[in-house]
>>> print(open('query-v5.cif').read())   # mmCIF, C-alpha atoms
data_target
loop_
_atom_site.label_atom_id
_atom_site.label_comp_id
_atom_site.auth_asym_id
_atom_site.auth_seq_id
_atom_site.Cartn_x
_atom_site.Cartn_y
_atom_site.Cartn_z
CA MET A 1 -5.31 -8.32 16.54
CA ALA A 2 -3.60 -6.67 13.65
CA SER A 3 -2.75 -3.26 12.38
CA ARG A 4 -4.28 -0.17 14.01
CA LEU A 5 -4.28 -1.69 17.45
CA ILE A 6 -5.98 0.19 20.22
CA TYR A 7 -5.10 -1.12 23.64
CA PRO A 8 -7.74 -1.36 26.36
CA LEU A 9 -7.38 1.08 29.21
CA TYR A 10 -5.35 -0.26 32.09
CA GLN A 11 -6.40 0.35 35.64
CA MET A 12 -4.98 -1.33 38.71
CA GLY A 13 -6.27 -4.86 39.07
CA ASN A 14 -6.96 -5.33 35.35
CA PRO A 15 -5.69 -8.52 33.74
CA GLN A 16 -2.37 -8.52 31.93
CA LEU A 17 -2.67 -7.22 28.37
CA ARG A 18 -2.09 -9.99 25.85
CA ILE A 19 -1.77 -9.50 22.13
CA PHE A 20 -2.55 -12.45 19.92
CA ARG A 21 -0.97 -12.37 16.46
CA PRO A 22 1.38 -9.43 17.11
CA PRO A 23 1.75 -7.21 14.04
CA PHE A 24 5.29 -6.19 14.98
CA PHE A 25 8.28 -7.06 12.82
CA LEU A 26 11.88 -6.99 13.99
CA THR A 27 14.88 -6.43 11.73
CA LEU A 28 18.23 -7.76 12.86
CA VAL A 29 20.88 -5.28 11.75
CA ARG A 30 24.64 -5.30 11.67
CA PRO A 31 25.86 -2.88 14.35
CA GLY A 32 27.38 0.33 13.06
CA LYS A 33 29.58 0.72 16.11
CA GLU A 34 31.46 -2.15 17.70
CA GLN A 35 29.20 -3.95 20.19
CA PRO A 36 30.05 -6.53 22.89
CA PRO A 37 29.85 -10.14 21.63
CA ASP A 38 26.61 -10.93 23.44
CA VAL A 39 24.69 -7.94 22.03
CA VAL A 40 22.26 -8.24 19.13
CA GLN A 41 20.98 -5.10 17.45
CA PHE A 42 17.39 -4.83 16.17
CA ARG A 43 15.29 -2.22 14.46
CA ILE A 44 11.88 -2.36 16.07
CA PRO A 45 8.61 -0.49 15.53
CA MET A 46 8.28 2.70 17.53
CA VAL A 47 5.41 1.41 19.64
CA MET A 48 7.37 -1.50 21.09
CA THR A 49 8.90 -1.24 24.54
CA LYS A 50 11.79 -3.08 26.20
CA PHE A 51 9.37 -5.50 27.81
CA ASP A 52 7.70 -6.16 24.46
CA VAL A 53 11.03 -6.90 22.83
CA ARG A 54 12.05 -9.23 25.64
CA ASN A 55 8.80 -11.19 25.48
CA TYR A 56 8.85 -11.25 21.69
CA VAL A 57 12.34 -12.66 21.38
CA GLU A 58 11.95 -15.09 24.28
CA LYS A 59 8.58 -16.49 23.25
CA ILE A 60 8.83 -16.51 19.47
CA TYR A 61 12.52 -17.28 18.97
CA ASN A 62 13.28 -19.14 22.25
CA VAL A 63 16.38 -17.01 22.77
CA PRO A 64 17.20 -16.22 26.43
CA VAL A 65 17.34 -12.46 26.87
CA GLY A 66 19.33 -10.75 29.61
CA ALA A 67 18.89 -7.03 29.13
CA VAL A 68 17.26 -4.80 26.52
CA ARG A 69 18.12 -1.17 25.89
CA THR A 70 16.31 0.97 23.34
CA ARG A 71 16.79 4.31 21.70
CA ILE A 72 15.01 6.25 18.98
CA GLN A 73 16.99 7.19 15.92
CA TYR A 74 15.90 10.46 14.34
CA GLY A 75 15.74 10.31 10.53
CA THR A 76 16.94 13.49 8.84
CA ASN A 77 14.55 15.98 7.29
CA LYS A 78 17.36 17.98 5.76
CA LYS A 79 17.71 16.30 2.36
CA ARG A 80 15.84 17.89 -0.52
CA ASN A 81 14.59 16.30 -3.72
CA HIS A 82 14.72 17.65 -7.30
CA LEU A 83 11.74 19.91 -6.49
CA ASN A 84 13.59 21.39 -3.54
CA GLN A 85 11.08 19.84 -1.16
CA LYS A 86 12.34 18.50 2.11
CA VAL A 87 12.39 14.72 2.20
CA LYS A 88 12.06 13.06 5.57
CA ARG A 89 13.83 9.80 6.30
CA PRO A 90 11.62 7.84 8.70
CA ASP A 91 12.53 7.63 12.39
CA TYR A 92 13.07 4.20 13.85
CA LYS A 93 13.68 2.61 17.22
CA VAL A 94 16.81 0.55 17.84
CA ALA A 95 16.96 -2.17 20.49
CA TYR A 96 20.19 -3.58 21.86
CA VAL A 97 19.41 -7.03 23.23
CA GLN A 98 21.97 -8.65 25.50
CA LEU A 99 21.75 -12.41 25.51
CA ALA A 100 21.65 -14.38 28.74
CA GLN A 101 23.52 -17.59 29.66
CA GLN A 102 26.79 -16.26 28.22
CA GLN A 103 25.62 -16.78 24.63
CA THR A 104 27.33 -14.82 21.90
CA PHE A 105 26.16 -13.74 18.47
CA GLU A 106 28.19 -12.68 15.49
CA PHE A 107 26.48 -11.14 12.49
CA PRO A 108 27.19 -13.51 9.60
CA ASP A 109 28.27 -12.63 6.09
CA ILE A 110 25.12 -13.20 4.03
CA PHE A 111 26.65 -12.31 0.68
CA PRO A 112 29.70 -14.52 0.27
CA LYS A 113 31.45 -14.46 -3.08
CA LYS A 114 30.34 -17.50 -5.01
CA ASP A 115 32.16 -18.65 -8.16
CA VAL A 116 29.25 -18.80 -10.54
CA LYS A 117 29.86 -21.08 -13.50
CA SER A 118 27.43 -20.06 -16.24
CA ALA A 119 25.61 -22.76 -18.19
CA GLU A 120 27.21 -24.11 -21.37
CA GLY A 121 26.19 -22.26 -24.54
CA SER A 122 24.19 -19.63 -22.63
CA VAL A 123 24.31 -15.90 -23.22
CA GLU A 124 26.10 -15.25 -19.92
CA GLU A 125 28.86 -17.68 -20.79
CA MET A 126 29.44 -16.00 -24.17
CA GLN A 127 29.48 -12.56 -22.53
CA GLU A 128 32.00 -13.67 -19.91
CA LYS A 129 34.22 -15.23 -22.55
CA PHE A 130 34.06 -12.02 -24.58
CA MET A 131 35.01 -9.92 -21.55
CA GLU A 132 37.94 -12.19 -20.77
CA ASP A 133 39.20 -11.93 -24.36
CA GLU A 134 38.86 -8.15 -24.29
CA GLU A 135 40.84 -7.91 -21.07
CA GLN A 136 43.54 -10.12 -22.56
CA ARG A 137 43.74 -7.89 -25.63
CA GLN A 138 43.93 -4.67 -23.57
CA LYS A 139 46.83 -5.90 -21.43
CA PRO A 140 50.15 -4.24 -22.33
CA ASP A 141 53.07 -6.24 -23.65
CA PRO A 142 54.63 -8.01 -20.62
CA ARG A 143 58.04 -7.89 -22.29
CA ARG A 144 58.13 -4.09 -21.88
CA GLY A 145 58.32 -4.50 -18.09
CA GLY A 146 55.53 -2.05 -17.18
CA VAL A 147 56.86 0.80 -19.37
CA THR A 148 54.04 2.40 -21.38
CA GLU A 149 53.89 2.72 -25.18
CA TRP A 150 54.23 6.50 -24.88
CA PHE A 151 57.96 6.14 -24.48
CA GLY A 152 58.90 5.16 -28.02
CA LEU A 153 60.88 2.02 -28.67
CA MET B 154 0.44 -47.86 6.09
CA ALA B 155 2.28 -46.84 9.23
CA ALA B 156 5.62 -47.44 7.51
CA THR B 157 4.82 -45.28 4.48
CA SER B 158 3.37 -42.49 6.54
CA ALA B 159 6.36 -42.65 8.86
CA GLY B 160 8.60 -42.45 5.82
CA ARG B 161 6.77 -39.38 4.58
CA VAL B 162 7.02 -37.66 7.96
CA LEU B 163 10.72 -38.50 8.04
CA THR B 164 11.36 -36.94 4.65
CA LEU B 165 9.52 -33.82 5.78
CA CYS B 166 11.48 -33.15 8.93
CA ARG B 167 15.00 -34.38 9.44
CA GLN B 168 15.01 -33.29 13.06
CA PHE B 169 12.12 -35.58 13.83
CA GLN B 170 13.98 -38.81 13.18
CA ASN B 171 14.27 -39.72 16.85
CA ALA B 172 10.69 -38.74 17.53
CA CYS B 173 9.37 -40.86 14.68
CA ARG B 174 11.42 -43.83 15.79
CA ILE B 175 9.80 -43.46 19.20
CA SER B 176 6.37 -43.18 17.60
CA THR B 177 6.65 -46.44 15.68
CA THR B 178 7.42 -48.30 18.92
CA LEU B 179 4.14 -47.04 20.44
CA SER B 180 0.97 -49.11 20.22
CA ALA B 181 -0.35 -49.51 16.69
CA GLN B 182 -3.52 -47.43 17.11
CA GLN B 183 -1.69 -44.62 18.85
CA SER B 184 0.97 -44.41 16.18
CA THR B 185 -1.55 -44.47 13.32
CA VAL B 186 -3.57 -41.75 15.01
CA THR B 187 -0.59 -39.45 15.47
CA LEU B 188 0.95 -40.14 12.09
CA THR B 189 -2.28 -39.73 10.16
CA LYS B 190 -2.82 -36.50 12.01
CA GLY B 191 0.65 -35.39 10.99
CA ARG B 192 0.15 -36.59 7.44
CA SER B 193 -3.32 -35.17 6.92
CA TYR B 194 -1.68 -31.80 7.23
CA PRO B 195 -1.23 -30.53 3.70
CA HIS B 196 2.25 -29.46 2.73
CA ARG B 197 0.93 -25.94 2.59
CA LEU B 198 0.91 -25.23 6.24
CA PRO B 199 4.41 -26.25 7.26
CA SER B 200 5.84 -24.08 4.54
CA THR B 201 5.28 -20.43 4.24
CA LEU B 202 5.96 -20.35 0.55
CA LEU B 203 7.83 -23.53 -0.31
CA SER B 204 8.23 -26.58 1.92
CA SER B 205 11.45 -26.17 3.84
CA SER B 206 12.24 -28.72 6.47
CA TRP B 207 13.05 -26.31 9.25
CA SER B 208 9.78 -24.41 9.29
CA CYS B 209 7.43 -27.31 9.92
CA ASN B 210 8.76 -27.88 13.42
CA LEU B 211 6.01 -25.83 15.05
CA ASP B 212 3.14 -27.57 13.35
CA LEU B 213 4.14 -31.20 13.54
CA ALA B 214 5.39 -30.67 17.07
CA VAL B 215 1.91 -29.78 18.29
CA GLN B 216 0.06 -32.18 15.99
CA CYS B 217 1.69 -35.37 17.31
CA ARG B 218 0.38 -34.91 20.81
CA PRO B 219 1.63 -38.03 22.63
CA LEU B 220 5.13 -37.37 21.29
CA HIS B 221 7.55 -35.08 23.03
CA THR B 222 9.82 -33.43 20.53
CA THR B 223 12.49 -30.82 21.04
CA ILE B 224 11.56 -27.39 19.73
CA SER B 225 13.74 -25.75 17.16
CA ARG B 226 17.04 -24.69 18.70
CA ARG B 227 17.95 -22.40 15.85
CA GLY B 228 17.17 -19.22 17.75
CA LEU B 229 18.73 -16.19 16.12
CA GLU B 230 19.61 -18.19 12.99
CA GLU B 231 15.94 -17.92 12.08
CA PHE B 232 16.53 -14.28 11.24
CA PHE B 233 18.56 -15.44 8.28
CA ASP B 234 17.94 -17.74 5.36
CA ILE B 235 19.39 -21.24 5.26
CA PRO B 236 23.14 -21.11 4.54
CA GLU B 237 22.67 -22.76 1.12
CA ASN B 238 20.85 -19.65 -0.07
CA TRP B 239 23.47 -17.15 1.04
CA GLY B 240 25.04 -15.44 -1.96
CA GLU B 241 22.45 -16.76 -4.44
CA ALA B 242 20.97 -14.38 -6.99
CA THR B 243 17.45 -15.79 -6.72
CA VAL B 244 15.71 -17.94 -4.17
CA LYS B 245 12.73 -20.03 -5.23
CA SER B 246 9.50 -19.33 -3.39
CA GLY B 247 5.90 -20.35 -3.90
CA ALA B 248 2.72 -18.37 -4.32
CA PRO B 249 1.24 -16.35 -1.48
CA TRP B 250 -1.71 -17.65 0.53
CA THR B 251 -5.10 -16.72 -0.89
CA ALA B 252 -8.06 -15.81 1.30
CA LYS B 253 -9.98 -18.78 -0.14
CA GLN B 254 -7.29 -21.20 1.02
CA LEU B 255 -7.04 -19.56 4.42
CA ARG B 256 -10.77 -19.83 5.01
CA THR B 257 -10.48 -23.61 4.95
CA LYS B 258 -8.02 -23.58 7.87
CA SER B 259 -8.94 -23.85 11.53
CA ASN B 260 -8.26 -21.06 14.03
CA GLU B 261 -5.31 -22.90 15.56
CA ASP B 262 -3.77 -23.35 12.11
CA LEU B 263 -4.20 -19.68 11.32
CA HIS B 264 -2.67 -18.70 14.65
CA LYS B 265 0.37 -20.83 13.96
CA LEU B 266 0.60 -19.63 10.38
CA TRP B 267 0.63 -16.05 11.59
CA TYR B 268 3.84 -16.74 13.51
CA VAL B 269 5.37 -18.62 10.62
CA LEU B 270 4.67 -15.66 8.35
CA LEU B 271 5.92 -13.25 11.01
CA LYS B 272 9.25 -15.03 11.29
CA GLU B 273 9.56 -15.23 7.52
CA LYS B 274 8.93 -11.52 7.22
CA ASN B 275 11.49 -10.76 9.91
CA MET B 276 14.00 -12.81 7.97
CA LEU B 277 13.26 -10.99 4.72
CA LEU B 278 13.50 -7.59 6.39
CA THR B 279 16.84 -8.56 7.88
CA ILE B 280 18.16 -9.66 4.50
CA GLU B 281 16.84 -6.49 2.88
CA GLN B 282 18.55 -4.23 5.41
CA GLU B 283 21.81 -6.14 5.17
CA SER B 284 21.73 -5.99 1.37
CA LYS B 285 21.29 -2.21 1.56
CA ARG B 286 24.19 -2.05 4.00
CA GLN B 287 26.51 -4.13 1.83
CA GLY B 288 25.43 -2.55 -1.43
CA GLN B 289 24.25 -5.87 -2.82
CA GLN B 290 20.99 -6.89 -4.44
CA MET B 291 18.57 -8.69 -2.23
CA PRO B 292 17.80 -12.16 -3.64
CA SER B 293 14.15 -12.40 -4.76
CA PRO B 294 12.65 -9.23 -3.25
CA GLU B 295 9.19 -10.26 -4.46
CA ARG B 296 9.00 -12.54 -1.42
CA LEU B 297 8.30 -9.49 0.75
CA LYS B 298 5.23 -8.58 -1.27
CA LYS B 299 4.00 -12.15 -1.14
CA ILE B 300 4.40 -12.30 2.62
CA ASP B 301 2.64 -8.94 3.06
CA ARG B 302 -0.29 -10.12 1.02
CA SER B 303 -0.50 -13.40 2.91
CA ILE B 304 -0.48 -11.59 6.25
CA ARG B 305 -3.15 -9.15 5.12
CA ARG B 306 -5.38 -11.92 3.85
CA LEU B 307 -4.95 -13.91 7.04
CA ASP B 308 -5.97 -10.86 9.01
CA THR B 309 -9.03 -10.38 6.79
CA VAL B 310 -10.12 -13.97 7.31
CA VAL B 311 -9.70 -13.76 11.09
CA LYS B 312 -11.63 -10.47 11.18
CA GLU B 313 -14.44 -12.05 9.15
CA ARG B 314 -14.69 -14.89 11.63
CA GLU B 315 -14.64 -12.52 14.61
CA ASN B 316 -17.36 -10.39 13.00
CA ALA B 317 -19.54 -13.40 12.33
CA LEU B 318 -19.11 -14.67 15.89
CA ARG B 319 -19.89 -11.30 17.39
CA LEU B 320 -23.00 -10.87 15.24
CA LEU B 321 -24.26 -14.28 16.24
CA GLN B 322 -23.52 -13.94 19.93
CA THR B 323 -24.36 -10.31 20.63
CA GLY B 324 -25.89 -8.82 17.50
CA GLN B 325 -23.32 -5.99 17.50
CA GLU B 326 -22.22 -5.03 13.99
CA ARG B 327 -19.02 -3.30 15.06
CA ALA B 328 -16.28 -4.37 17.43
CA ARG B 329 -15.55 -0.80 18.47
CA PRO B 330 -18.55 1.36 19.43
CA GLY B 331 -19.02 4.71 17.72
CA ASP B 332 -21.50 7.36 16.72
CA TRP B 333 -22.35 9.77 13.90
CA ARG B 334 -21.20 13.23 14.98
CA LYS B 335 -20.85 16.68 13.46
CA ASP B 336 -17.47 18.31 13.54
CA VAL B 337 -16.72 22.06 13.75
CA PHE B 338 -16.99 22.38 9.97
CA GLY B 339 -20.49 20.98 9.80
CA ARG B 340 -19.38 17.66 8.31
CA ILE B 341 -20.96 14.48 9.64
CA TYR B 342 -18.53 11.65 10.31
CA TRP B 343 -18.30 8.39 12.23
CA TYR B 344 -16.63 9.10 15.56
CA ARG B 345 -15.16 5.99 17.15
CA PHE B 346 -15.24 5.85 20.93
CA ARG B 347 -12.17 5.46 23.07
CA GLU B 348 -11.84 4.18 26.59
CA HIS B 349 -11.37 6.82 29.23
CA ALA B 350 -10.78 6.68 32.96
CA LEU B 351 -13.05 9.66 33.64
CA PRO B 352 -16.54 10.65 32.51
CA TRP B 353 -16.65 13.03 29.55
CA TYR B 354 -17.71 16.09 31.55
CA MET B 355 -14.51 15.83 33.62
CA ASN B 356 -12.24 15.28 30.59
CA ARG B 357 -10.80 18.73 29.69
CA ARG B 358 -9.16 17.65 26.44
CA TYR B 359 -12.39 16.03 25.28
CA LYS B 360 -14.42 19.14 26.05
CA ARG B 361 -12.13 21.27 23.89
CA LYS B 362 -13.06 19.04 20.95
CA ARG B 363 -16.33 20.51 19.72
CA PHE B 364 -18.91 18.12 18.31
CA TYR B 365 -21.27 20.87 17.23
CA THR B 366 -21.17 23.50 14.47
CA PRO B 367 -20.96 27.13 15.71
CA ALA B 368 -23.54 29.55 14.34
CA PHE B 369 -21.08 31.58 12.22
CA VAL B 370 -20.22 28.46 10.17
CA ALA B 371 -23.81 28.12 8.81
CA PRO B 372 -23.34 30.42 5.71
CA HIS B 373 -20.18 28.46 4.78
CA LEU B 374 -22.15 25.22 4.82
CA ARG B 375 -24.45 26.53 2.12
CA LEU B 376 -21.53 27.80 0.05
CA ARG B 377 -19.78 24.44 0.36
CA LEU B 378 -22.91 22.63 -0.72
CA GLU B 379 -23.25 24.94 -3.76
CA LYS B 380 -19.64 24.34 -4.71
CA TYR B 381 -20.12 20.58 -4.45
CA LEU B 382 -23.30 20.63 -6.55
CA ARG B 383 -21.67 22.83 -9.18
CA ALA B 384 -18.72 20.47 -9.48
CA LYS B 385 -21.08 17.49 -9.71
CA THR B 386 -23.19 19.08 -12.45
CA ARG B 387 -20.05 20.04 -14.36
CA LYS B 388 -18.78 16.51 -14.23
CA GLN B 389 -22.09 15.03 -15.36
CA LYS B 390 -22.39 17.52 -18.22
CA LYS B 391 -18.88 16.79 -19.38
CA GLU B 392 -19.57 13.06 -19.29
CA SER B 393 -22.81 13.41 -21.32
CA GLU B 394 -21.07 15.70 -23.86
CA ASN B 395 -18.29 13.17 -24.24
CA GLN B 396 -20.86 10.42 -24.81
CA ALA B 397 -22.64 12.57 -27.44
CA VAL B 398 -19.39 13.16 -29.33
CA LEU B 399 -18.55 9.46 -29.27
CA LYS B 400 -22.07 8.61 -30.43
CA GLU B 401 -21.62 10.91 -33.40
CA LYS B 402 -18.33 9.32 -34.33
CA PHE B 403 -19.44 5.74 -33.71
CA PRO B 404 -23.22 5.55 -34.24
CA GLN B 405 -23.41 1.83 -33.44
CA MET B 406 -21.92 2.28 -29.96
CA GLN B 407 -24.19 0.98 -27.19
CA ALA B 408 -22.33 0.39 -23.90
CA LYS B 409 -21.64 3.44 -21.79
CA SER B 410 -18.00 3.22 -20.64
CA GLN B 411 -17.48 4.21 -17.01
#
>>> encode(input="query-v5.cif", output="structure tokens")
Amino acid sequence: MASRLIYPLYQMGNPQLRIFRPPFFLTLVRPGKEQPPDVVQFRIPMVMTKFDVRNYVEKIYNVPVGAVRTRIQYGTNKKRNHLNQKVKRPDYKVAYVQLAQQQTFEFPDIFPKKDVKSAEGSVEEMQEKFMEDEEQRQKPDPRRGGVTEWFGL
Amino acid sequence: MAATSAGRVLTLCRQFQNACRISTTLSAQQSTVTLTKGRSYPHRLPSTLLSSSWSCNLDLAVQCRPLHTTISRRGLEEFFDIPENWGEATVKSGAPWTAKQLRTKSNEDLHKLWYVLLKEKNMLLTIEQESKRQGQQMPSPERLKKIDRSIRRLDTVVKERENALRLLQTGQERARPGDWRKDVFGRIYWYRFREHALPWYMNRRYKRKRFYTPAFVAPHLRLRLEKYLRAKTRKQKKESENQAVLKEKFPQMQAKSQ
């Protein structure tokens, strides 16, 4: 199965619907509002349900799931572009997944500040050196004790 | 031979050290069978784009059948890149899968690869969203395009195989039945059937959808046809005039450019 799925009709007694190769992609997001420590926030496609999310996370990621709550976030249609046409931000579904077995999850910092040492003799190194020199030149005279040059003497 | 292949498997997956130690203590034939199976797997499959030790768990786990190995316990960490890549400006990644390469793989391999690609895409989407949130640049955004292409090509290959199988077994050309029907505007299109719980004559919504052209639409059909023919003639005339002008300018021109 892939995109443009059409599910077979379900009538009582039919076998359980199974989707091989699910075309659904989850995005783990940092919560905007403070969430309990065992809650993980996802952006999921609109067609997924709580049961789908539970099965997805349990089967594909082997993470024990306690409870799943979903809501649909409306994307604004108010903004206008340079042609004064309304621009719609897409709607998306948010799932709050509570982990079972007292597991906790904290959203990590994916962009830590790394001290990048540029290669010797490269353009970046020369640029950085130049910027440092410029900053040094622009600094006021430390002997003046923070008083600007505007006040003569 | 067993030692070298064991060594290769070890270098591939750090987590499998215990498992491989167990495997070498098994009977000689058993160990060679499992290890050659694990080794005959090209490096392609374990890695989505570039061989990374953590992603080959799935494949080697199922390949070495007599072995019992623990599945990856990384859980939610799989939504993020490996910690070494956090904060980098670029992350190296290989080329996407081509349809030609995928056609050589078995159905089980493709099934597993689908999930590998799915998890990789989830990871990239997570990083993308977080980068937007933090106002930082996402490292190597071209990975998303590569993954999309790989997924699409995998889907194409699987569909081809399903089509071939269905043609051979049943002779049906399409998976989903349909029919040529006329809509209200007189246009003929391929209507694809849907499953319903009731027959069509009891389905009120279906009956409101008219698959015939009312009588008052007939004059408009002719007008539409005339408009279409006029536009077609205009286009052809313009094309021939253009060709004549070019011929005058460049008398030795032969090929007609599309």
>>> residues_around(input="query-v5.cif", residues="B:Glu283", least_positions_apart="4", cutoff="7 Å", atoms="all atoms listed in the file", output="number ranges by chain")
A: 29; B: 279, 287
>>> resolve_selection(input="query-v5.cif", expression="the PyMOL selection byres ((chain A) within 7 of (chain B))", output="ChimeraX atom specification")
/A:2,8-9,21,25-29,61-63,110-114
>>> resolve_selection(input="query-v5.cif", expression="the PyMOL selection byres ((chain B and resi 363) around 10)", output="PyMOL selection string")
chain B and resi 334-338+359-362+364-367
>>> resolve_selection(input="query-v5.cif", expression="the PyMOL selection byres ((chain A and resi 94-101) around 7)", output="list of chain:residue names")
A:Asp38, A:Val39, A:Val40, A:Gln41, A:Phe42, A:Arg43, A:Ile44, A:Pro64, A:Val65, A:Gly66, A:Ala67, A:Val68, A:Arg69, A:Thr70, A:Arg71, A:Ile72, A:Gln73, A:Tyr92, A:Lys93, A:Gln102, A:Gln103
>>> atom_distance(input="query-v5.cif", atom1="atom CA of B:Glu392", atom2="atom CA of B:Arg377")
22.7 Å
>>> residues_around(input="query-v5.cif", residues="A:Pro37", least_positions_apart="5", cutoff="8 Å", atoms="all atoms listed in the file", output="ChimeraX atom specification")
/A:104-106
>>> atom_distance(input="query-v5.cif", atom1="atom CA of B:Trp343", atom2="atom CA of A:Leu5")
18.0 Å
>>> atom_distance(input="query-v5.cif", atom1="atom CA of B:Met406", atom2="atom CA of B:Ser393")
14.1 Å
>>> axis_aligned_box(input="query-v5.cif", around="stretch 293-307 of chain B", padding_each_side="3 Å", output="AutoDock Vina command-line options")
--center_x 4.4 --center_y -11.2 --center_z 1.1 --size_x 25.5 --size_y 11.3 --size_z 17.8
>>> residues_around(input="query-v5.cif", residues="A:Gly75", least_positions_apart="2", cutoff="6 Å", atoms="all atoms listed in the file", output="list in words")
Arg89, Pro90 and Asp91 of chain A
